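Shown next: entry-v2.txt, containing compact mmCIF, C-alpha atoms.
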```txt
# COMPACT_ATOMS: atom_id res chain seq x y z
CA MET A 14 0.00 0.00 0.00
CA ALA A 15 2.84 2.39 0.92
CA ARG A 16 4.36 1.86 -2.52
CA LEU A 17 1.14 2.98 -4.16
CA LEU A 18 0.77 6.16 -2.11
CA PRO A 19 2.80 8.47 -4.44
CA THR A 20 0.76 7.28 -7.45
CA VAL A 21 -2.53 7.80 -5.58
CA PHE A 22 -1.42 11.27 -4.46
CA LEU A 23 -0.41 12.25 -8.01
CA ILE A 24 -3.71 11.00 -9.47
CA VAL A 25 -5.74 12.95 -6.88
CA ALA A 26 -3.55 16.04 -7.50
CA ALA A 27 -4.15 15.71 -11.25
CA LEU A 28 -7.90 15.86 -10.54
CA VAL A 29 -7.72 18.70 -8.01
CA PHE A 30 -5.35 20.91 -10.00
CA PRO A 31 -7.73 21.72 -12.92
CA TYR A 32 -10.50 22.41 -10.38
CA SER A 33 -8.14 24.72 -8.52
CA VAL A 34 -7.23 26.68 -11.68
CA ASP A 35 -10.94 26.87 -12.60
CA ARG A 36 -11.76 28.29 -9.15
CA ILE A 37 -8.86 30.76 -9.13
CA PHE A 38 -9.44 32.23 -12.58
CA LEU A 39 -13.17 31.88 -13.14
CA HIS A 40 -14.83 31.93 -9.73
CA THR A 41 -12.70 34.19 -7.55
CA PRO A 42 -13.15 37.95 -7.74
CA ILE A 43 -10.20 40.06 -8.85
CA GLU A 44 -8.54 41.73 -5.88
CA ARG A 45 -9.27 45.47 -5.93
CA GLU A 46 -5.80 46.89 -5.30
CA MET A 47 -3.44 44.37 -6.86
CA GLY A 48 -5.58 43.36 -9.81
CA THR A 49 -5.23 40.07 -11.66
CA ALA A 50 -1.59 39.60 -10.58
CA GLN A 51 -2.87 38.76 -7.07
CA LYS A 52 -3.87 35.35 -8.45
CA ILE A 53 -0.18 34.35 -8.10
CA PHE A 54 -0.94 34.34 -4.36
CA TYR A 55 -2.90 31.05 -4.62
CA PHE A 56 0.29 29.13 -5.46
CA HIS A 57 2.96 31.38 -3.98
CA VAL A 58 1.67 31.18 -0.38
CA PRO A 59 1.03 27.39 -0.27
CA LEU A 60 4.51 26.89 -1.75
CA ALA A 61 6.00 29.03 1.04
CA TRP A 62 4.08 27.00 3.67
CA LEU A 63 5.32 23.75 2.11
CA MET A 64 8.89 25.05 1.97
CA MET A 65 8.78 25.85 5.70
CA ALA A 66 7.12 22.50 6.54
CA PHE A 67 9.81 20.56 4.62
CA ALA A 68 12.58 22.61 6.26
CA VAL A 69 11.21 21.73 9.72
CA THR A 70 10.82 18.07 8.65
CA SER A 71 14.42 17.98 7.45
CA GLY A 72 15.67 19.62 10.66
CA ILE A 73 13.74 17.24 12.96
CA ALA A 74 14.87 14.21 10.92
CA ALA A 75 18.47 15.50 11.20
CA VAL A 76 18.13 15.63 15.01
CA VAL A 77 16.84 12.03 15.03
CA GLN A 78 19.67 11.03 12.67
CA LEU A 79 22.29 12.52 15.02
CA ARG A 80 20.80 11.09 18.22
CA ARG A 81 19.88 7.59 17.02
CA ALA A 82 22.09 7.10 13.94
CA SER A 83 18.91 6.25 12.05
CA VAL A 84 19.30 5.55 8.32
CA ARG A 85 15.61 6.24 7.73
CA ALA A 86 15.87 9.64 9.44
CA GLU A 87 18.96 10.46 7.36
CA ALA A 88 17.10 9.59 4.15
CA THR A 89 14.04 11.60 5.27
CA SER A 90 16.21 14.61 6.04
CA LEU A 91 17.82 14.53 2.60
CA ALA A 92 14.54 13.98 0.74
CA ALA A 93 12.85 16.84 2.65
CA ALA A 94 15.87 19.10 2.01
CA GLU A 95 15.58 18.54 -1.74
CA LEU A 96 11.89 19.46 -1.51
CA VAL A 97 12.91 22.65 0.34
CA LEU A 98 15.12 23.50 -2.64
CA LEU A 99 12.29 22.78 -5.09
CA THR A 100 9.48 24.63 -3.28
CA GLY A 101 11.89 27.37 -2.16
CA LEU A 102 12.93 28.00 -5.75
CA GLY A 103 9.24 28.22 -6.63
CA VAL A 104 8.69 30.78 -3.86
CA LEU A 105 11.79 32.77 -4.82
CA ILE A 106 10.68 32.94 -8.47
CA THR A 107 6.92 33.49 -8.14
CA GLY A 108 7.40 36.06 -5.33
CA PRO A 109 9.55 38.49 -7.34
CA ILE A 110 7.26 38.06 -10.39
CA TRP A 111 4.29 39.03 -8.20
CA GLY A 112 6.32 41.83 -6.57
CA HIS A 113 7.29 43.19 -9.99
CA ALA A 114 3.61 43.32 -10.98
CA THR A 115 2.29 44.90 -7.77
CA TRP A 116 5.14 46.67 -5.96
CA GLY A 117 6.97 47.69 -9.13
CA HIS A 118 10.13 45.96 -7.89
CA ALA A 119 10.97 42.28 -8.09
CA TRP A 120 13.26 42.32 -5.04
CA THR A 121 13.04 44.86 -2.23
CA TRP A 122 15.50 43.22 0.21
CA ASP A 123 12.77 43.02 2.83
CA ALA A 124 13.38 40.75 5.83
CA ARG A 125 11.06 37.98 4.67
CA GLN A 126 12.70 37.81 1.24
CA VAL A 127 16.21 37.79 2.70
CA THR A 128 15.46 35.12 5.34
CA THR A 129 13.74 32.97 2.69
CA GLY A 130 16.76 33.34 0.42
CA LEU A 131 19.00 32.41 3.34
CA LEU A 132 16.91 29.27 4.02
CA TRP A 133 17.29 28.22 0.41
CA LEU A 134 21.07 28.77 0.50
CA VAL A 135 21.43 26.79 3.75
CA PHE A 136 19.60 23.81 2.25
CA ALA A 137 21.56 24.15 -1.01
CA ALA A 138 24.70 23.87 1.13
CA TYR A 139 23.18 20.86 2.91
CA VAL A 140 22.48 19.02 -0.36
CA LEU A 141 25.95 19.88 -1.74
CA VAL A 142 27.67 18.62 1.43
CA ARG A 143 25.61 15.41 1.30
CA ARG A 144 26.48 14.90 -2.35
CA TYR A 145 30.16 15.89 -2.46
CA GLY A 146 31.25 15.76 1.19
CA ALA A 147 33.90 13.34 2.41
CA ALA A 148 33.16 10.39 4.72
CA GLY A 149 31.46 11.52 7.91
CA SER A 150 30.20 14.77 6.36
CA ASP A 151 26.61 13.55 6.87
CA ARG A 152 26.87 14.78 10.49
CA LEU A 153 28.00 18.23 9.35
CA ALA A 154 25.14 18.24 6.83
CA ALA A 155 22.67 17.31 9.61
CA ALA A 156 23.84 20.35 11.58
CA LEU A 157 23.16 22.51 8.52
CA ALA A 158 19.62 21.10 8.26
CA ILE A 159 18.99 21.96 11.93
CA PHE A 160 20.37 25.47 11.31
CA GLY A 161 18.01 25.80 8.34
CA ALA A 162 15.00 24.67 10.39
CA VAL A 163 15.77 27.38 12.96
CA ASP A 164 15.40 29.95 10.17
CA VAL A 165 11.72 28.98 9.69
CA PRO A 166 10.30 30.88 12.71
CA ILE A 167 12.51 33.83 11.74
CA ILE A 168 10.86 33.86 8.29
CA TYR A 169 7.40 33.64 9.88
CA TYR A 170 7.99 36.45 12.41
CA ALA A 171 10.10 38.62 10.04
CA VAL A 172 7.06 40.72 9.15
CA ARG A 173 6.44 41.45 12.85
CA ILE A 174 10.04 42.12 13.86
CA TRP A 175 11.08 44.30 10.94
CA ASN A 176 9.33 46.76 8.63
CA THR A 177 8.72 44.75 5.49
CA THR A 178 7.09 45.17 2.10
CA HIS A 179 5.34 41.86 2.74
CA PRO A 180 1.96 42.18 4.46
CA GLY A 181 1.45 40.90 8.02
CA ASN A 182 0.66 37.27 8.88
CA ARG A 183 -3.00 38.04 9.60
CA VAL A 184 -3.75 38.90 5.97
CA VAL A 185 -4.25 35.26 5.00
CA ALA A 186 -6.41 34.53 8.07
CA THR A 187 -8.74 37.42 7.25
CA LEU A 188 -9.25 36.55 3.58
CA PRO A 189 -12.84 36.55 2.32
CA ALA A 190 -14.50 33.14 2.01
CA GLU A 191 -14.35 33.01 -1.79
CA MET A 192 -10.55 33.49 -1.71
CA TRP A 193 -10.15 30.79 0.97
CA ASN A 194 -12.28 28.45 -1.15
CA SER A 195 -9.77 28.92 -3.97
CA LEU A 196 -6.71 28.69 -1.74
CA TRP A 197 -7.65 25.24 -0.35
CA PRO A 198 -7.65 23.33 -3.67
CA ALA A 199 -4.33 24.93 -4.67
CA LEU A 200 -2.84 24.02 -1.29
CA ILE A 201 -4.15 20.44 -1.52
CA ALA A 202 -2.87 19.96 -5.11
CA LEU A 203 0.60 21.28 -4.31
CA THR A 204 0.81 19.34 -1.03
CA LEU A 205 -0.15 16.07 -2.73
CA VAL A 206 2.40 16.53 -5.52
CA SER A 207 5.16 17.54 -3.09
CA VAL A 208 4.49 14.70 -0.64
CA ALA A 209 4.36 12.21 -3.54
CA LEU A 210 7.79 13.44 -4.73
CA LEU A 211 9.09 13.30 -1.14
CA LEU A 212 7.99 9.67 -0.77
CA VAL A 213 9.55 8.68 -4.10
CA ARG A 214 12.83 10.43 -3.20
CA LEU A 215 12.82 8.86 0.27
CA ARG A 216 12.40 5.38 -1.19
CA GLN A 217 15.18 6.06 -3.71
CA GLU A 218 17.57 7.20 -0.97
CA LEU A 219 16.83 4.08 1.10
CA THR A 220 17.41 1.96 -2.02
CA ASP A 221 20.72 3.78 -2.65
CA ILE A 222 21.87 3.06 0.93
CA ALA A 223 20.81 -0.62 0.61
CA LEU A 224 22.60 -0.89 -2.75
CA ASP A 225 25.80 0.62 -1.31
CA GLU A 226 25.72 -1.91 1.55
CA ALA A 227 25.04 -4.76 -0.89
CA TRP A 228 28.01 -3.72 -3.07
CA ILE A 229 30.31 -3.53 -0.04
CA LEU A 230 29.24 -7.01 1.07
CA PHE A 231 29.63 -8.35 -2.45
CA ASN A 232 33.12 -6.84 -2.89
CA GLU A 233 34.22 -8.13 0.54
CA ARG A 234 33.00 -11.65 -0.28
CA ASP A 235 34.48 -11.51 -3.78
CA GLY A 236 37.84 -10.32 -2.42
CA HIS A 237 37.78 -12.99 0.29
CA GLU A 238 37.14 -15.76 -2.24
CA GLN A 239 39.90 -14.49 -4.55
CA GLN A 240 42.35 -14.59 -1.64
CA HIS A 241 41.48 -18.26 -0.96
CA SER A 242 41.70 -19.40 -4.57
CA MET B 8 -20.83 63.65 -16.39
CA SER B 9 -24.11 65.16 -17.51
CA ASN B 10 -22.31 68.44 -18.33
CA ASN B 11 -20.24 66.56 -20.86
CA THR B 12 -23.20 64.92 -22.59
CA LEU B 13 -23.74 66.17 -26.10
CA GLU B 14 -27.23 67.37 -26.78
CA PRO B 15 -28.79 66.27 -30.10
CA SER B 16 -28.06 68.88 -32.73
CA VAL B 17 -31.26 68.18 -34.60
CA ALA B 18 -34.56 69.32 -33.17
CA VAL B 19 -36.74 66.30 -32.49
CA ASP B 20 -40.42 66.33 -33.10
CA PRO B 21 -42.19 64.99 -29.94
CA GLY B 22 -44.39 62.70 -32.06
CA ASP B 23 -41.46 61.31 -34.07
CA GLU B 24 -40.12 57.80 -33.23
CA TYR B 25 -36.60 58.84 -34.26
CA GLU B 26 -34.19 59.09 -31.33
CA PRO B 27 -30.81 60.65 -32.03
CA ALA B 28 -27.76 58.94 -30.56
CA LEU B 29 -26.38 60.69 -27.52
CA GLY B 30 -22.68 60.62 -26.77
CA LEU B 31 -19.93 62.17 -24.71
CA ASP B 32 -17.83 65.13 -25.68
CA ARG B 33 -14.34 64.48 -27.06
CA ALA B 34 -12.45 65.30 -23.86
CA THR B 35 -14.49 62.86 -21.76
CA LYS B 36 -14.23 60.16 -24.41
CA ALA B 37 -10.43 60.60 -24.56
CA CYS B 38 -10.28 60.41 -20.76
CA VAL B 39 -12.42 57.22 -20.67
CA ARG B 40 -10.32 55.64 -23.43
CA ALA B 41 -7.08 56.49 -21.59
CA CYS B 42 -8.44 54.85 -18.41
CA GLU B 43 -9.57 51.80 -20.38
CA ALA B 44 -6.20 51.54 -22.12
CA GLU B 45 -4.39 51.76 -18.79
CA ALA B 46 -6.62 49.06 -17.28
CA ALA B 47 -6.19 46.85 -20.36
CA ALA B 48 -2.39 47.27 -20.24
CA LYS B 49 -2.36 46.40 -16.52
CA THR B 50 -4.52 43.31 -17.13
CA ALA B 51 -2.32 42.19 -20.06
CA SER B 52 0.82 42.71 -17.97
CA ASP B 53 -0.74 40.84 -15.03
CA TYR B 54 -1.64 37.93 -17.30
CA GLN B 55 1.97 37.77 -18.53
CA HIS B 56 3.22 37.69 -14.95
CA ILE B 57 0.72 34.95 -14.07
CA VAL B 58 1.63 32.81 -17.09
CA TRP B 59 5.34 33.12 -16.29
CA SER B 60 4.94 32.32 -12.63
CA TYR B 61 2.61 29.33 -13.15
CA GLY B 62 4.72 28.09 -16.07
CA ILE B 63 7.99 28.26 -14.15
CA LEU B 64 6.40 26.70 -11.08
CA TRP B 65 5.10 23.62 -12.89
CA ALA B 66 8.26 23.39 -15.02
CA LEU B 67 10.27 23.14 -11.78
CA PHE B 68 8.11 20.27 -10.55
CA ALA B 69 8.33 18.56 -13.95
CA VAL B 70 12.14 18.87 -14.04
CA TYR B 71 12.41 17.41 -10.53
CA GLY B 72 10.01 14.61 -11.49
CA VAL B 73 12.14 13.77 -14.54
CA SER B 74 15.32 13.77 -12.40
CA LEU B 75 13.65 11.28 -10.00
CA TRP B 76 12.59 9.11 -12.92
CA ARG B 77 16.18 9.09 -14.27
CA ARG B 78 17.53 8.21 -10.84
CA ALA B 79 15.02 5.33 -10.59
CA ASN B 80 16.24 4.02 -13.98
CA ARG B 81 19.88 4.23 -12.85
CA GLN B 82 19.04 2.29 -9.69
CA ARG B 83 17.23 -0.37 -11.70
CA VAL B 84 20.29 -0.83 -13.95
CA GLU B 85 22.59 -0.99 -10.91
CA MET B 86 20.37 -3.57 -9.22
CA MET B 87 20.32 -5.74 -12.36
CA ASP B 88 24.12 -5.48 -12.53
CA LEU B 89 24.45 -6.58 -8.91
CA GLU B 90 22.04 -9.50 -9.44
CA ARG B 91 23.97 -10.60 -12.57
CA ARG B 92 27.28 -10.53 -10.71
CA LEU B 93 25.83 -12.46 -7.79
CA LYS B 94 24.63 -15.16 -10.19
CA GLU B 95 28.03 -15.31 -11.93
CA THR B 96 30.01 -15.79 -8.71
CA PRO B 97 30.04 -19.41 -7.51
```
Let me see the structure of the file written as structure tokens.
Amino acid sequence: MARLLPTVFLIVAALVFPYSVDRIFLHTPIEREMGTAQKIFYFHVPLAWLMMAFAVTSGIAAVVQLRRASVRAEATSLAAAELVLLTGLGVLITGPIWGHATWGHAWTWDARQVTTGLLWLVFAAYVLVRRYGAAGSDRLAAALAIFGAVDVPIIYYAVRIWNTTHPGNRVVATLPAEMWNSLWPALIALTLVSVALLLVRLRQELTDIALDEAWILFNERDGHEQQHS
Amino acid sequence: MSNNTLEPSVAVDPGDEYEPALGLDRATKACVRACEAEAAAKTASDYQHIVWSYGILWALFAVYGVSLWRRANRQRVEMMDLERRLKETP
């Protein structure tokens, strides 16, 4: 059943996504001040939520990895970190496009933009260390993931602590019902696709680890037999 | 707005069914057209921004999906190689 989950999630997402686009463009009123460009919101904000959720997941899995030397936690941390890069890139591209349309500037160096950019860079460093680091660098990488997860509350509270171009956190909570009704399908579609990709990547990482162990065992046995012959 | 409305230049007989078209003076029409053009330009620009952002977003997911698919293929080949070698060794 677990093997089928990504496929099920992708099928449901494929059904929800057209409904979501239909709702956003045909059944949601155009926002008075920002105009049609505000419709970027329906994917930009869920992507940002997912990015933060994956960053926290990666950080928590890294803590478990360090404390219990768990292979599964290590694989989860890496898979979630890659999803941070994917969703984070989406946020960092759709945000400036929306900003260019409504603020007149793609990048204003406001605290939320900078802390989001920092989060992305930290997880890029994490993935690079995991990929190209020497033996034992997985522990250093885990520390990076924890550092990245700590950035998440800073991103969330950035609009309260500093003066930012981004609106406050209460804006989303006080949206009119018709906008919420369009936000939910977009959030569900993106979550399903992202979690499906996370599960596939997690399984691949576990397979990679199992394959590495199998090759080591094979080479040891092969070398042992050659010595005897 | 009523000050800018053009009055019919032809005197209309009260019993006549003919109704002359009423319009706006040139200045008001130019102003309305300028507003409409500005709104149309904003909408067109917004649509471009939306198409780019949605396009890039789903392209990113597609590229990541393809990279996962390629990795799965590489793993399958590696697993077959390992199985073959295990069968070959006595």
### Query
What gap, in Å, lies between CA of Ala48 (chain B) and CA of Ile37 (chain A)?
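So the two atoms, CA of Ala48 (chain B) and CA of Ile37 (chain A), lie 20.9 Å apart.
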Residues near Val213 (chain A), anyone? I mean within 9 Å using all atoms listed in the file, not counting same-chain ones fewer than 5 positions away, as a compact mmCIF listing (two decimals) with C-alpha atoms, in the coordinates of the input.
```txt
# COMPACT_ATOMS: atom_id res chain seq x y z
CA ARG A 16 4.36 1.86 -2.52
CA PRO A 19 2.80 8.47 -4.44
CA ALA A 92 14.54 13.98 0.74
CA VAL A 208 4.49 14.70 -0.64
CA GLU A 218 17.57 7.20 -0.97
CA LEU B 75 13.65 11.28 -10.00
```
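Once Trp133 (chain A) and its same-chain neighbours fewer than 2 positions away are set aside, Val97, Leu98, Gly101, Leu102, Thr129, Gly130, Leu131, Val135, Phe136 and Ala137 of chain A remain within 8 Å of it when counting only C-alpha atoms.
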Please write the residues from the selection above to a file, keeping C-alpha atoms, as a PDB file, keeping the file's coordinate frame.
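File selection_37.pdb, as written:
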```pdb
ATOM      1  CA  VAL A  97      12.910  22.650   0.340  1.00  0.00           C
ATOM      2  CA  LEU A  98      15.120  23.500  -2.640  1.00  0.00           C
ATOM      3  CA  GLY A 101      11.890  27.370  -2.160  1.00  0.00           C
ATOM      4  CA  LEU A 102      12.930  28.000  -5.750  1.00  0.00           C
ATOM      5  CA  THR A 129      13.740  32.970   2.690  1.00  0.00           C
ATOM      6  CA  GLY A 130      16.760  33.340   0.420  1.00  0.00           C
ATOM      7  CA  LEU A 131      19.000  32.410   3.340  1.00  0.00           C
ATOM      8  CA  VAL A 135      21.430  26.790   3.750  1.00  0.00           C
ATOM      9  CA  PHE A 136      19.600  23.810   2.250  1.00  0.00           C
ATOM     10  CA  ALA A 137      21.560  24.150  -1.010  1.00  0.00           C
TER      11      ALA A 137
END
```
### Query
Around (11.2, 16.8, -0.9) in the file's frame, which residues reach within 7 Å when counting all atoms listed in the file? Return as an MDAnalysis selection string?
chainID A and resid 67 92:97 207 210:211 214
### Message
Which residues are near Gly72 (chain A)? Cut-off 6 Å, all atoms listed in the file, ignore same chain within fewer than 4 positions. Put them as number ranges by chain.
### Response
A: 158-159, 162
Keeping only C-alpha atoms, take the residues you just selected and write them out as a PDB file, keeping the file's coordinate frame.
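Listing of part-v2.pdb after writing:
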```
ATOM      1  CA  ALA A 158      19.620  21.100   8.260  1.00  0.00           C
ATOM      2  CA  ILE A 159      18.990  21.960  11.930  1.00  0.00           C
ATOM      3  CA  ALA A 162      15.000  24.670  10.390  1.00  0.00           C
TER       4      ALA A 162
END
```
### Task
Please work out which residues fall within 12 Å of (29.2, -7.6, -10.1), coordinates as given in the file, with all atoms listed in the file counting, and return them as an MDAnalysis selection string.
(chainID A and resid 224 227:236) or (chainID B and resid 84:96)
### Query
Counting all atoms listed in the file, which of B:Asn80, B:Thr35, B:Val58, B:Asp53 gets nearest to chain A?
B:Asp53
#### Entry: Contact set, chain A to chain B: 6 Å, all atoms listed in the file, as a list in words
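Listed by rising number, the hits are Thr49, Ala50, Gly103 and Thr107 of chain A.
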### Task
Rounded to one decimal place, report the CA of Leu39 (chain A)-CA of Leu60 (chain A) distance in Å.
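We find that CA of Leu39 (chain A) and CA of Leu60 (chain A) lie 21.6 Å from each other.
Proximity of A:Arg144, A:His40, A:Arg85, A:His57 to Ser195 (chain A), computed with only C-alpha atoms, is greatest for A:His40.
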